[in-house]
Every structure is written in C-alpha cells, then in structure tokens.
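Structure, as structure tokens:
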Amino acid sequence: MIEQVGLVIILLTIMGSYLYATHRIAKLQKNYHNDERWQLLKLRAGNVTKIYYESLIIIIAVLTVILLWVPTPIMIPLDRMLAIGMVIIMGGQVVECFVIARLDKTM
C-alpha cells in the first residue's frame with residue numbers, strides 16, 4: 001500500500017512538472033517570436049534531450065543483457081513498469097525545460 005502511494009505521488013509530481021515544462025517552453029517560444037536565439041536554444045536543448053534518451057536506451061540494453069544471465073527470473077508488475085516508463089518519457093521534457101532555462105541565462 002505504501003509503495004502504491006509513493007508511486008502515485010511520484011507520478012503526480014512528474015505530471016505536474018511535465019505540464020509546467022510544456023507551458024514554460026510555449027511561453028518562452030511566444031516571447032522570443034521564434035527568432036534566431038530561440039532556434040539556437042531549442043537546438044542545444046534538443047541535443048541534451050537526445051543524449052538523455054540515448055543514455056536511457058544504453059542503460060536498458062545493459063540491464064536486458066544482465067537479466068539474461070541471472071539464473072532466476074525477476075518478475076515486475078506491468079503497471080509498475082508502465083508507470084516507470086511514463087516517468088522516464090515525461091522526464092525528457094522536464095530535462096529540456098531545465099536546459100532551456102540554463103541556456104537562456106548563459107546566452
């Protein structure tokens with residue numbers, strides 16, 4: 001029961017962060033009127049987000065190979081795996097928002 005409450009709290013937090021990040025990026029895009037600086041910010045943030053997703057793919061591949069050699073199978077409930085996947089995917093948008101905020105201050 002405590003695990004489910006913790007998972008729901010994490011899901012609600014990441015959903016709120018995702019919605020905030022989406023809103024903030026749209027607001028910044030409107031403020032910058034899609035100018036050259038904004039295009040550069042989005043390009044650099046996109047590169048960092050790409051690295052985030054590529055590293056996740058590598059981690060998943062390594063874990064899959066490790067699990068092939070474990071003598072006993074590890075059973076994980078599907079709902080928990082879907083929730084973790086949702087957190088990871090939404091985390092990419094949050095990472096992009098943080099990178100845009102950081103680059104906006106430094107550029």
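In the structure tokens, the first chain shown is A, the next is B, and so on; residue numbers restart at 1 for each chain, and ligands run from 1 in the order shown.
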Do you know which residues are at most 12 Å from Gln29 (chain A) counting only C-alpha atoms, after dropping those on the same chain fewer than 3 positions away, and could you put them as a compact mmCIF listing (two decimals) with N, CA and C atoms, in the first residue's frame?
# COMPACT_ATOMS: atom_id res chain seq x y z
N THR A 22 6.06 22.12 -20.31
CA THR A 22 5.43 22.36 -21.60
C THR A 22 4.90 23.79 -21.69
N HIS A 23 4.27 24.24 -20.63
CA HIS A 23 3.73 25.60 -20.61
C HIS A 23 4.85 26.63 -20.67
N ARG A 24 5.92 26.41 -19.92
CA ARG A 24 7.03 27.36 -19.89
C ARG A 24 7.74 27.45 -21.25
N ILE A 25 7.93 26.32 -21.90
CA ILE A 25 8.57 26.32 -23.21
C ILE A 25 7.70 27.04 -24.22
N ALA A 26 6.39 26.81 -24.18
CA ALA A 26 5.49 27.50 -25.10
C ALA A 26 5.50 29.02 -24.84
N TYR A 32 9.97 34.91 -27.46
CA TYR A 32 11.11 35.09 -28.35
C TYR A 32 10.70 35.19 -29.82
N HIS A 33 9.44 34.96 -30.13
CA HIS A 33 8.90 35.06 -31.50
C HIS A 33 9.68 34.20 -32.49
N ASN A 34 10.16 33.06 -32.03
CA ASN A 34 10.87 32.10 -32.88
C ASN A 34 12.08 32.71 -33.58
N ASP A 35 12.80 33.61 -32.91
CA ASP A 35 13.96 34.26 -33.52
C ASP A 35 15.16 33.32 -33.54
N GLU A 36 16.28 33.82 -34.02
CA GLU A 36 17.48 33.00 -34.18
C GLU A 36 18.02 32.49 -32.85
N ARG A 37 17.95 33.32 -31.81
CA ARG A 37 18.42 32.90 -30.48
C ARG A 37 17.56 31.75 -29.95
N TRP A 38 16.27 31.85 -30.14
CA TRP A 38 15.38 30.79 -29.68
C TRP A 38 15.66 29.49 -30.43
N GLN A 39 15.91 29.59 -31.73
CA GLN A 39 16.22 28.39 -32.51
C GLN A 39 17.50 27.73 -31.99
N LEU A 40 18.51 28.55 -31.64
CA LEU A 40 19.75 28.01 -31.10
C LEU A 40 19.52 27.36 -29.73
N LEU A 41 18.70 28.01 -28.89
CA LEU A 41 18.37 27.42 -27.59
C LEU A 41 17.69 26.06 -27.76
N LYS A 42 16.71 25.99 -28.64
CA LYS A 42 15.98 24.74 -28.87
C LYS A 42 16.90 23.66 -29.43
N CYS A 97 13.32 21.46 -20.48
CA CYS A 97 12.94 22.74 -19.88
C CYS A 97 14.07 23.29 -19.01
N ILE A 100 16.83 24.58 -21.28
CA ILE A 100 16.46 25.86 -21.89
C ILE A 100 16.59 26.98 -20.87
N ASP A 104 19.22 29.89 -21.39
CA ASP A 104 18.65 31.23 -21.52
C ASP A 104 19.39 32.22 -20.63
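The neighbours of Arg80 (chain A) here are the residues that come within 12 Å of it, using only C-alpha atoms and leaving out any residue fewer than 2 positions away in the same chain; they are Glu3, Gln4, Gly6, Leu7, Val8, Ile10, Leu11, Met75, Ile76, Pro77, Leu78, Leu82, Ala83, Ile84, Gly85, Met86 and Val87 of chain A.
Nearest-residue note for Val48 (chain A): choosing from A:Thr13, A:Thr106, A:Met1, A:Gln93, the minimum distance belongs to A:Gln93, counting only C-alpha atoms.
For the set A:Tyr18, A:Leu12, A:Val70, A:Leu103, the residue with the smallest atom-to-atom gap to Gly91 (chain A) is A:Tyr18, counting only C-alpha atoms.
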